[in-house]
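Student: Got a structure for you, questions after.
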Amino acid sequence: MFAIIAGIILRYRILLLSVLISITVFMGYNARDIKLSYEHAPLLPETDSSFIEYKRYSEIFGEDGNIVVIGIQNPEFFNPEPLAHWFEMISSLEATKGVKSVLSITNAYNLVKNNEERVFEITPIAAAPPASYAEAEHLQQVVSSLPFYKDLLYEEESGTYLILVSLERDVLVSSNRNRLITDIENLSSEYAAKYDVPVHYSGLPYIRIKTAEKIEGELYMFILLAFLITGLIMYLFFRSFRVVFFSLLVVATGVIWALGSMALIGYEITLLTAMIPPLIIVIGIPNSVFLLNKYHNEYRNHGNKIRALQRVIHKIGAATFLTNLTTSAGFATFILTSTRILQEFGVIASLNIMAVFLLSLLLIPIIFSFLPAPEERHVRHLENYFIKKVVRLFEYLAVNHRMKTYPVAIIIIVVAFIGITRIKSTGYVVDDLPQNDPVYVDLLFFEKHFQGLIPLEIAIDSKRPRAALTMETLQNIESLQSSLEKYPELSRPLSIAEALKFARQSFFNGAAHHYRLPGNTERNFIMAYMGNLTGGNNISNSFLDPESRITRVSYKVADIGTEKIGLLEQQIKQEIDSIFPADRYDVAITGASILSYKGNKYLIRSLFTSLFIAILVISLFMAWMFSSARMMLISLIPNLVPLLITASFMGYFGIPVKPSTVLVFSIAFGISVDNTIHFLAKYRQELKTTGLDIRKSVTNAIREAGVSMLYTSIVLFFGFGIFSLSGFGGTVALGVLVSFTLLIAVTSNLVLLPSMLLSMERIIIKKNFQEPLMNLYNDDEDKELVEQPESKGQAKKVKGAEILDI
């Protein structure tokens, strides 16, 4: 088949080149419309019960992830001048476009009892900035007398005061959100600079926006680094600027196609899809390495440029197609998960890996058909002393010491399994950020002073209208809050019980010692006052649904990791079960913290499933390629051992299992098996050439295929290594672990695989060791391609292919 394709490519090269240029221009035009994702993509599928539960309570009580928190430490806060500027800052924040509301201790509400009207009037704690020290001192006394806000809006011991800025959702999912965050930072930093006090920022929208900004910055950095690193390595190998330039031109075209396809499908740039352009460069360059190595090898053998190019397509086109197909299949398994960001990543990566293969297969022969034939210096890299020395070392180990290879491999596998038992699974909201990142540092500040900022909600369905306000329910809520005080990860709660304590304090004229849950008789009087609240906002709406059937207890939790959050959820559930009778109450634990924990857990499970599917699919490819179950098993072992070693590496060095590290295995397996395909394809060719001489076939396969395998592995090692320069811990782990795995994989494929072939020759060399649909590295079919046509434009057909005089 590829003999025919070779003839088509070289005969219609100008037409094909014009088509490729047109497609690239079209893709580049559409790539202008690609956008950065401004919406937080849930990890759980929309059909998941936890996600449905979260959405249900969000519709009742509002979203819990749209608040930016500003923390300012100022020991002189209650002085007239700082208070005046504080009021000015709050007013400016409220006037900022995209801000829904602003809450701080100065504009928070107080309840004032109106005996004549028998209502509570809602009034600001301070309607205007104090004009004197006496007024400022009085304001401080009022604030101190309101336990409802203590450790929620301020921490008295450290002099830390919070501003809660609620953002409009429409702005949060648009590009204007970056400008909004900048405006908020500028306004608050002016106050902080004026009084030389620290200011801190956090909250889920702030963390997500800052993360998105870093993603956008790293996208361009990694594309540039990928070009520089792969270009430098290509030059060191080939010592030819034109080889480097045209190889990079192929992958650059692939990047344009990738970005254009994202825009056409309607996908946006996320943390995962931002990695696709550099991945296309790193994964695409090995195609050029294999094609150009074969081109130079062929040209050195017979000195015929067109024949060499035709043989490149004919002899390794099928093998390169299958290696790209297995790599693409590794990425395509992500489509089978129910997580949107993984599905998008899988779709774009798998499609464009095949696209860059197509570009390599077309552009390399077409471009080099126009260029002058290689000179002696261009093919000198085939005699690279260092590479040949390394290849000969692998050959020596595989051929002469294979019986020592197996005990070493068994020991490594045993040690690997021990390491695997030490792996822990955890993830954090900001674990991808370095510990010196301002976002991470600021989150630690809020955890230190306010126990955390990530929402954790306990939703209580009393199953009957107005039953959420009965004394039984209120006392149960109070008991639950008391029992949860022993968990330091949780902040002070907000609930209808706390609101009633606040109301009772106001009912008894604001005395702080009256801040406690009202008795049954008091509750009726207080509820009558609360039912007629005036001043604009009904406090109870924050804690009750319209039927007063469902209520909630709101906590903030520290970023303690998914493992501890899971344990905390179980402990809270035990407390709930001991307090709320199951026949009268349905109680759910939800909120962004729980959703994040369950989302990470689901994602890790999905990624492991995709890994097993990738192994299965690629195994079937191998069985199809060689029509031999034994060969399938032999080809799998050298590629599974590196995965075990990497997993043990994670266990021994404390690298946890999380979405970014689980991704490593599917990606690395899909890429590492490429070396196996190239080696076995060359091995099969040598079997036919040597008359089934196993030892000689293995030796020749190592010597020829080993060079390209080392070239591509070095490119991939350093190519993935660039991700270690990321500002995200997960991306760093991905880059380091994939590089490490591929380094082990090429060693395994050049030592363990040949050793197994030599040891098992009698059971694998059967008549069915052949490709059912296409031939790989078969010289028999084109060994007579020697004559050039006499006149320009003529073609001579040889077994379905054509040698063209171009």
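Each chain of the structure tokens is named A, B, ... in the order shown, its residues numbered from 1; ligands are numbered from 1 in display order.
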Got a sec: who's within 12 Å of Asn700 of chain A, counting only C-alpha atoms, leaving out chain neighbours fewer than 2 positions off, as a compact mmCIF listing (two decimals) with C-alpha atoms, in the first residue's frame?

Tutor:
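Output (out_22.txt):
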# COMPACT_ATOMS: atom_id res chain seq x y z
CA VAL A 391 24.00 1.07 20.67
CA ARG A 392 26.89 -1.41 20.75
CA GLU A 395 23.83 -5.00 21.74
CA VAL A 399 23.35 -10.75 23.01
CA PHE A 679 12.40 -2.57 16.54
CA LEU A 680 10.14 -5.54 15.80
CA ALA A 681 9.45 -4.28 12.29
CA LYS A 682 13.17 -4.12 11.56
CA TYR A 683 13.69 -7.45 13.30
CA ARG A 684 11.10 -9.10 11.05
CA GLN A 685 12.75 -7.66 7.96
CA GLU A 686 16.11 -9.01 9.09
CA LEU A 687 14.61 -12.46 9.70
CA THR A 689 17.04 -11.25 4.93
CA THR A 690 19.11 -13.63 7.12
CA ASP A 693 19.02 -16.31 11.79
CA ILE A 694 17.76 -15.01 15.17
CA ARG A 695 21.06 -13.80 16.59
CA LYS A 696 22.05 -11.94 13.44
CA SER A 697 18.56 -10.48 13.01
CA VAL A 698 18.54 -9.12 16.58
CA ILE A 702 19.66 -3.13 17.32
CA ARG A 703 22.30 -1.50 15.13
CA GLU A 704 19.93 0.13 12.65
CA ALA A 705 16.69 0.71 14.54
CA GLY A 706 18.60 1.43 17.75
CA VAL A 707 20.11 4.62 16.35
CA LEU A 750 17.02 -2.27 23.49
CA PRO A 754 16.13 -8.38 22.24

Student: Excluding Asn178 of chain A and its own-chain neighbours fewer than 4 positions away, which residues fall within 9 Å of it when counting only C-alpha atoms? Please give them as a PyMOL selection string.

Tutor: chain A and resi 172+174+182-183+209-210+213

Student: Could you take the residues named above and write them with N, CA and C atoms, as a short mmCIF file (atom, residue, chain, number, x, y, z; two decimals), in the first residue's frame?

Tutor:
data_model
loop_
_atom_site.label_atom_id
_atom_site.label_comp_id
_atom_site.auth_asym_id
_atom_site.auth_seq_id
_atom_site.Cartn_x
_atom_site.Cartn_y
_atom_site.Cartn_z
N LEU A 172 -17.31 36.62 35.50
CA LEU A 172 -16.40 35.54 35.86
C LEU A 172 -16.10 34.59 34.71
N SER A 174 -15.97 35.50 31.52
CA SER A 174 -15.58 36.30 30.35
C SER A 174 -14.14 36.78 30.51
N THR A 182 -7.66 42.88 38.49
CA THR A 182 -6.63 43.93 38.55
C THR A 182 -7.18 45.18 39.23
N ASP A 183 -8.41 45.56 38.90
CA ASP A 183 -9.03 46.74 39.53
C ASP A 183 -9.16 46.54 41.04
N ILE A 209 -8.64 32.42 38.47
CA ILE A 209 -8.24 33.45 37.51
C ILE A 209 -6.73 33.56 37.43
N LYS A 210 -6.07 33.54 38.57
CA LYS A 210 -4.60 33.62 38.58
C LYS A 210 -3.99 32.39 37.92
N GLU A 213 -4.26 32.80 34.17
CA GLU A 213 -3.25 33.74 33.67
C GLU A 213 -1.91 33.04 33.50
#

Student: Which residues in segment 271-506 of chain A does DSSP call alpha helix (DSSP H)? List them as a PyMOL selection string.

Tutor: chain A and resi 276-302+305-332+340-370+376-379+385-400+402-420+438-450+471-483+496-506

Student: For Ile122 of chain A, which residue out of A:Met530, A:Leu219, A:Ile418, A:Val441 is the nearest one, using only C-alpha atoms?

Tutor: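 When distances to Ile122 of chain A are compared using only C-alpha atoms, the smallest one comes from A:Met530.
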
Student: A:Ala355, A:Leu636, A:Val390, A:Thr230: which is nearest Val243 of chain A, counting only C-alpha atoms?

Tutor: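 The answer is A:Thr230, which sits nearest to Val243 of chain A.
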
Student: For segment 267-271 of chain A, please output as a PyMOL selection string all residues within 10 Å (counting only C-alpha atoms; exclusion window: fewer than 3 positions along the same chain).

Tutor: chain A and resi 33-41+211-212+214-216+218-219+259+261-264+274-276+341-342+344-345+348+728+731

Student: With N, CA and C atoms kept, could you save the residues just selected as a CSV table (one decimal), in the first residue's frame?

Tutor:
chain,number,residue,atom,x,y,z
A,33,ASP,N,-9.3,32.8,16.5
A,33,ASP,CA,-10.5,32.8,17.4
A,33,ASP,C,-10.5,32.0,18.6
A,34,ILE,N,-9.3,31.3,18.8
A,34,ILE,CA,-9.3,30.4,20.0
A,34,ILE,C,-9.2,31.3,21.3
A,35,LYS,N,-9.9,30.8,22.3
A,35,LYS,CA,-10.0,31.6,23.5
A,35,LYS,C,-9.5,30.8,24.7
A,36,LEU,N,-9.1,31.5,25.7
A,36,LEU,CA,-8.8,30.9,27.0
A,36,LEU,C,-10.0,30.6,27.8
A,37,SER,N,-10.1,29.4,28.4
A,37,SER,CA,-11.3,29.0,29.2
A,37,SER,C,-11.4,29.8,30.4
A,38,TYR,N,-12.5,30.5,30.6
A,38,TYR,CA,-12.7,31.3,31.8
A,38,TYR,C,-13.8,30.7,32.7
A,39,GLU,N,-14.2,29.5,32.4
A,39,GLU,CA,-15.2,28.8,33.2
A,39,GLU,C,-14.6,27.6,33.9
A,40,HIS,N,-14.9,27.4,35.1
A,40,HIS,CA,-14.3,26.3,35.9
A,40,HIS,C,-15.1,25.0,35.4
A,41,ALA,N,-14.3,24.1,34.9
A,41,ALA,CA,-14.9,22.9,34.4
A,41,ALA,C,-15.0,21.8,35.5
A,211,THR,N,-4.6,31.2,38.1
A,211,THR,CA,-4.2,30.0,37.5
A,211,THR,C,-4.3,30.1,36.0
A,212,ALA,N,-5.4,30.6,35.5
A,212,ALA,CA,-5.6,30.8,34.1
A,212,ALA,C,-4.6,31.7,33.4
A,214,LYS,N,-1.6,32.2,34.5
A,214,LYS,CA,-0.3,31.4,34.4
A,214,LYS,C,-0.3,30.5,33.2
A,215,ILE,N,-1.5,29.8,33.0
A,215,ILE,CA,-1.6,28.9,31.9
A,215,ILE,C,-1.3,29.6,30.5
A,216,GLU,N,-1.9,30.8,30.4
A,216,GLU,CA,-1.8,31.6,29.1
A,216,GLU,C,-0.3,31.9,28.9
A,218,GLU,N,2.3,30.4,30.2
A,218,GLU,CA,3.2,29.2,29.9
A,218,GLU,C,2.9,28.6,28.6
A,219,LEU,N,1.7,28.8,28.0
A,219,LEU,CA,1.5,28.3,26.6
A,219,LEU,C,2.5,28.7,25.7
A,259,LEU,N,-4.2,24.2,16.9
A,259,LEU,CA,-5.0,25.4,17.4
A,259,LEU,C,-6.2,25.7,16.5
A,261,SER,N,-7.9,23.4,14.8
A,261,SER,CA,-9.0,22.4,15.1
A,261,SER,C,-9.7,22.7,16.4
A,262,MET,N,-9.0,23.2,17.4
A,262,MET,CA,-9.6,23.5,18.7
A,262,MET,C,-10.6,24.6,18.4
A,263,ALA,N,-10.3,25.6,17.7
A,263,ALA,CA,-11.2,26.7,17.4
A,263,ALA,C,-12.4,26.2,16.6
A,264,LEU,N,-12.2,25.4,15.6
A,264,LEU,CA,-13.3,24.9,14.8
A,264,LEU,C,-14.3,24.0,15.6
A,274,ALA,N,-3.7,23.4,26.9
A,274,ALA,CA,-2.5,24.3,26.7
A,274,ALA,C,-1.3,23.5,26.5
A,275,MET,N,-1.2,22.2,26.9
A,275,MET,CA,0.0,21.4,26.7
A,275,MET,C,0.0,20.8,25.3
A,276,ILE,N,-1.0,20.9,24.5
A,276,ILE,CA,-1.1,20.2,23.2
A,276,ILE,C,-0.1,20.8,22.2
A,341,ILE,N,-12.9,18.1,30.5
A,341,ILE,CA,-11.5,18.6,30.1
A,341,ILE,C,-10.7,17.5,29.6
A,342,LEU,N,-10.8,16.3,30.1
A,342,LEU,CA,-10.1,15.2,29.6
A,342,LEU,C,-10.5,14.7,28.3
A,344,GLU,N,-11.9,16.6,25.9
A,344,GLU,CA,-11.4,17.6,25.0
A,344,GLU,C,-9.9,17.4,24.7
A,345,PHE,N,-9.1,17.2,25.8
A,345,PHE,CA,-7.7,16.9,25.6
A,345,PHE,C,-7.5,15.7,24.7
A,348,ILE,N,-8.5,16.4,20.8
A,348,ILE,CA,-7.5,17.3,20.1
A,348,ILE,C,-6.1,16.6,20.0
A,728,PHE,N,3.5,25.1,37.6
A,728,PHE,CA,2.5,24.2,38.1
A,728,PHE,C,3.1,22.9,38.5
A,731,THR,N,2.2,19.9,36.3
A,731,THR,CA,2.9,19.9,35.0
A,731,THR,C,4.4,19.5,35.1

Student: Looking only at the backbone, which of the residues in segment 507-692 of chain A does DSSP tag as strand (DSSP E or B), as a ChimeraX atom specification?

Tutor: /A:534,544,550-557,586-590,657

Student: How would the residues just chosen look if you wrote them out with C-alpha atoms as a PDB file, in the first residue's frame?

Tutor:
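And here's result-v2.pdb as it stands now:
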ATOM      1  CA  THR A 534     -37.015  45.912  57.321  1.00  0.00           C
ATOM      2  CA  LEU A 544     -33.571  28.884  54.422  1.00  0.00           C
ATOM      3  CA  ILE A 550     -34.318  23.155  53.854  1.00  0.00           C
ATOM      4  CA  THR A 551     -31.568  24.926  55.756  1.00  0.00           C
ATOM      5  CA  ARG A 552     -27.802  24.808  55.724  1.00  0.00           C
ATOM      6  CA  VAL A 553     -24.764  25.087  57.950  1.00  0.00           C
ATOM      7  CA  SER A 554     -21.908  26.806  56.113  1.00  0.00           C
ATOM      8  CA  TYR A 555     -18.263  26.210  56.923  1.00  0.00           C
ATOM      9  CA  LYS A 556     -14.995  27.160  55.330  1.00  0.00           C
ATOM     10  CA  VAL A 557     -12.314  24.511  55.330  1.00  0.00           C
ATOM     11  CA  ASP A 586     -32.118  14.100  54.836  1.00  0.00           C
ATOM     12  CA  VAL A 587     -28.703  15.616  55.421  1.00  0.00           C
ATOM     13  CA  ALA A 588     -26.132  16.111  52.654  1.00  0.00           C
ATOM     14  CA  ILE A 589     -22.519  17.244  52.848  1.00  0.00           C
ATOM     15  CA  THR A 590     -21.657  19.325  49.812  1.00  0.00           C
ATOM     16  CA  VAL A 657      -1.188   9.866  42.729  1.00  0.00           C
TER      17      VAL A 657
END

Student: For Leu484 of chain A, please output as a list in words all residues within 10 Å (counting only C-alpha atoms; exclusion window: fewer than 4 positions along the same chain).

Tutor: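 Residues near the query, excluding close chain neighbours: Glu478, Ser479, Leu480, Pro488, Glu489, Leu490, Ser491, Arg492, Pro493, Gln571, Ile572, Glu575 and Ile576 of chain A.
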
Student: Include C-alpha atoms and write out the residues we just selected as a CSV table (one decimal), in the first residue's frame.

Tutor:
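Okay, this is what ended up in result.csv:
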chain,number,residue,atom,x,y,z
A,478,GLU,CA,-26.6,23.6,67.6
A,479,SER,CA,-25.5,20.1,68.7
A,480,LEU,CA,-23.9,19.5,65.4
A,488,PRO,CA,-9.4,22.6,63.6
A,489,GLU,CA,-9.8,22.4,59.8
A,490,LEU,CA,-13.3,24.0,60.0
A,491,SER,CA,-14.0,27.7,60.4
A,492,ARG,CA,-16.8,29.1,62.6
A,493,PRO,CA,-20.1,28.1,61.1
A,571,GLN,CA,-16.3,12.0,60.5
A,572,ILE,CA,-18.9,14.7,59.8
A,575,GLU,CA,-21.7,13.2,63.8
A,576,ILE,CA,-24.7,13.9,61.6

Student: Please provide as a ChimeraX atom specification all residues within 12 Å of Ile353 of chain A, with the sequence filter that same-chain residues fewer than 6 positions apart are discarded (counting only C-alpha atoms).

Tutor: /A:251,254-255,257-258,276-287,320-332,345-347,359-360,670-671

Student: Enter the distance from atom CA of Pro642 of chain A to atom CA of Leu620 of chain A, in Å, rounded to one decimal.

Tutor: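 Result for atom CA of Pro642 of chain A versus atom CA of Leu620 of chain A: 19.9 Å, one decimal.
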
Student: Which residue gives the smallest distance to Ala503 of chain A among A:Leu633, A:Met756, A:Met234, A:Val119, with only C-alpha atoms counted?

Tutor: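 Comparing A:Leu633, A:Met756, A:Met234, A:Val119 against Ala503 of chain A, the winner is A:Val119.
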
Student: Choose the residue, out of A:Lys97, A:Arg422, A:Ser22, A:Met709, that has the smallest atom-to-atom separation from Thr676 of chain A; count only C-alpha atoms.

Tutor: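 Result for the nearest residue to Thr676 of chain A: A:Met709.
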
Student: One number please: atom CA of Ala127 of chain A to atom CA of Pro82 of chain A, in Å, one decimal.

Tutor: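 Computing it gives 15.7 Å between the two atoms.
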
Student: Considering only C-alpha atoms, state which residue in the set A:Ala128, A:Leu757, A:Val289, A:Leu752 is at the smallest distance from Val408 of chain A.

Tutor: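 Closest candidate: A:Leu752.
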
Student: Name the residues in contact with Val641 of chain A at a cut-off of 10 Å, using only C-alpha atoms, excluding same-chain residues fewer than 2 positions from it; report them as a PyMOL selection string.

Tutor: chain A and resi 409-410+412-413+416+636-639+643-647+741+744-745+748+752

Student: Output N, CA, C and O atoms for every residue in the selection just made, as a PDB file, in the first residue's frame.

Tutor:
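Once everything was written out, this is result_1.pdb:
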ATOM      1  N   ALA A 409      16.007  -7.879  35.951  1.00  0.00           N
ATOM      2  CA  ALA A 409      14.649  -7.388  35.681  1.00  0.00           C
ATOM      3  C   ALA A 409      13.685  -7.829  36.780  1.00  0.00           C
ATOM      4  O   ALA A 409      12.837  -7.041  37.233  1.00  0.00           O
ATOM      5  N   ILE A 410      13.823  -9.093  37.244  1.00  0.00           N
ATOM      6  CA  ILE A 410      12.937  -9.594  38.301  1.00  0.00           C
ATOM      7  C   ILE A 410      13.155  -8.828  39.593  1.00  0.00           C
ATOM      8  O   ILE A 410      12.199  -8.457  40.283  1.00  0.00           O
ATOM      9  N   ILE A 412      14.291  -5.780  39.883  1.00  0.00           N
ATOM     10  CA  ILE A 412      13.746  -4.431  39.685  1.00  0.00           C
ATOM     11  C   ILE A 412      12.231  -4.437  39.843  1.00  0.00           C
ATOM     12  O   ILE A 412      11.653  -3.553  40.483  1.00  0.00           O
ATOM     13  N   ILE A 413      11.577  -5.465  39.289  1.00  0.00           N
ATOM     14  CA  ILE A 413      10.107  -5.550  39.381  1.00  0.00           C
ATOM     15  C   ILE A 413       9.668  -5.741  40.827  1.00  0.00           C
ATOM     16  O   ILE A 413       8.701  -5.117  41.281  1.00  0.00           O
ATOM     17  N   ALA A 416      10.095  -2.582  42.569  1.00  0.00           N
ATOM     18  CA  ALA A 416       9.068  -1.661  42.072  1.00  0.00           C
ATOM     19  C   ALA A 416       7.742  -1.896  42.782  1.00  0.00           C
ATOM     20  O   ALA A 416       7.070  -0.940  43.194  1.00  0.00           O
ATOM     21  N   LEU A 636       4.715  -6.319  25.025  1.00  0.00           N
ATOM     22  CA  LEU A 636       4.141  -5.561  26.142  1.00  0.00           C
ATOM     23  C   LEU A 636       5.082  -5.478  27.337  1.00  0.00           C
ATOM     24  O   LEU A 636       5.178  -4.450  27.995  1.00  0.00           O
ATOM     25  N   ILE A 637       5.770  -6.578  27.635  1.00  0.00           N
ATOM     26  CA  ILE A 637       6.584  -6.640  28.852  1.00  0.00           C
ATOM     27  C   ILE A 637       7.613  -5.508  28.921  1.00  0.00           C
ATOM     28  O   ILE A 637       7.719  -4.826  29.953  1.00  0.00           O
ATOM     29  N   PRO A 638       8.401  -5.244  27.863  1.00  0.00           N
ATOM     30  CA  PRO A 638       9.389  -4.160  27.965  1.00  0.00           C
ATOM     31  C   PRO A 638       8.766  -2.772  28.142  1.00  0.00           C
ATOM     32  O   PRO A 638       9.467  -1.832  28.536  1.00  0.00           O
ATOM     33  N   ASN A 639       7.474  -2.653  27.850  1.00  0.00           N
ATOM     34  CA  ASN A 639       6.821  -1.354  28.001  1.00  0.00           C
ATOM     35  C   ASN A 639       6.042  -1.232  29.310  1.00  0.00           C
ATOM     36  O   ASN A 639       5.732  -0.120  29.746  1.00  0.00           O
ATOM     37  N   LEU A 643       6.656   1.399  33.339  1.00  0.00           N
ATOM     38  CA  LEU A 643       5.538   1.966  34.089  1.00  0.00           C
ATOM     39  C   LEU A 643       5.622   1.554  35.558  1.00  0.00           C
ATOM     40  O   LEU A 643       5.350   2.367  36.458  1.00  0.00           O
ATOM     41  N   LEU A 644       5.998   0.295  35.813  1.00  0.00           N
ATOM     42  CA  LEU A 644       6.149  -0.166  37.191  1.00  0.00           C
ATOM     43  C   LEU A 644       7.277   0.588  37.892  1.00  0.00           C
ATOM     44  O   LEU A 644       7.152   0.980  39.059  1.00  0.00           O
ATOM     45  N   ILE A 645       8.374   0.813  37.185  1.00  0.00           N
ATOM     46  CA  ILE A 645       9.511   1.530  37.779  1.00  0.00           C
ATOM     47  C   ILE A 645       9.115   2.962  38.109  1.00  0.00           C
ATOM     48  O   ILE A 645       9.446   3.487  39.189  1.00  0.00           O
ATOM     49  N   THR A 646       8.380   3.601  37.200  1.00  0.00           N
ATOM     50  CA  THR A 646       7.941   4.981  37.451  1.00  0.00           C
ATOM     51  C   THR A 646       6.992   5.043  38.634  1.00  0.00           C
ATOM     52  O   THR A 646       7.090   5.935  39.483  1.00  0.00           O
ATOM     53  N   ALA A 647       6.065   4.084  38.711  1.00  0.00           N
ATOM     54  CA  ALA A 647       5.137   4.052  39.845  1.00  0.00           C
ATOM     55  C   ALA A 647       5.884   3.869  41.156  1.00  0.00           C
ATOM     56  O   ALA A 647       5.561   4.503  42.170  1.00  0.00           O
ATOM     57  N   THR A 741      10.232   7.900  32.427  1.00  0.00           N
ATOM     58  CA  THR A 741       9.638   6.658  31.921  1.00  0.00           C
ATOM     59  C   THR A 741      10.150   6.327  30.526  1.00  0.00           C
ATOM     60  O   THR A 741      10.471   5.171  30.222  1.00  0.00           O
ATOM     61  N   ILE A 744      13.709   4.963  30.649  1.00  0.00           N
ATOM     62  CA  ILE A 744      13.705   3.552  31.048  1.00  0.00           C
ATOM     63  C   ILE A 744      13.173   2.681  29.907  1.00  0.00           C
ATOM     64  O   ILE A 744      13.663   1.580  29.662  1.00  0.00           O
ATOM     65  N   ALA A 745      12.161   3.203  29.193  1.00  0.00           N
ATOM     66  CA  ALA A 745      11.516   2.417  28.133  1.00  0.00           C
ATOM     67  C   ALA A 745      12.468   2.110  26.985  1.00  0.00           C
ATOM     68  O   ALA A 745      12.480   0.987  26.463  1.00  0.00           O
ATOM     69  N   SER A 748      14.794  -0.550  28.095  1.00  0.00           N
ATOM     70  CA  SER A 748      14.084  -1.825  28.145  1.00  0.00           C
ATOM     71  C   SER A 748      13.896  -2.409  26.747  1.00  0.00           C
ATOM     72  O   SER A 748      14.064  -3.616  26.532  1.00  0.00           O
ATOM     73  N   LEU A 752      15.990  -5.626  27.163  1.00  0.00           N
ATOM     74  CA  LEU A 752      15.080  -6.693  27.570  1.00  0.00           C
ATOM     75  C   LEU A 752      14.372  -7.326  26.374  1.00  0.00           C
ATOM     76  O   LEU A 752      14.265  -8.551  26.281  1.00  0.00           O
TER      77      LEU A 752
END

Student: Which residue is closest to Ser91 of chain A? Choose from A:Ile306, A:Val68, A:Gly691, A:Ile184 and count only C-alpha atoms.

Tutor: A:Ile184
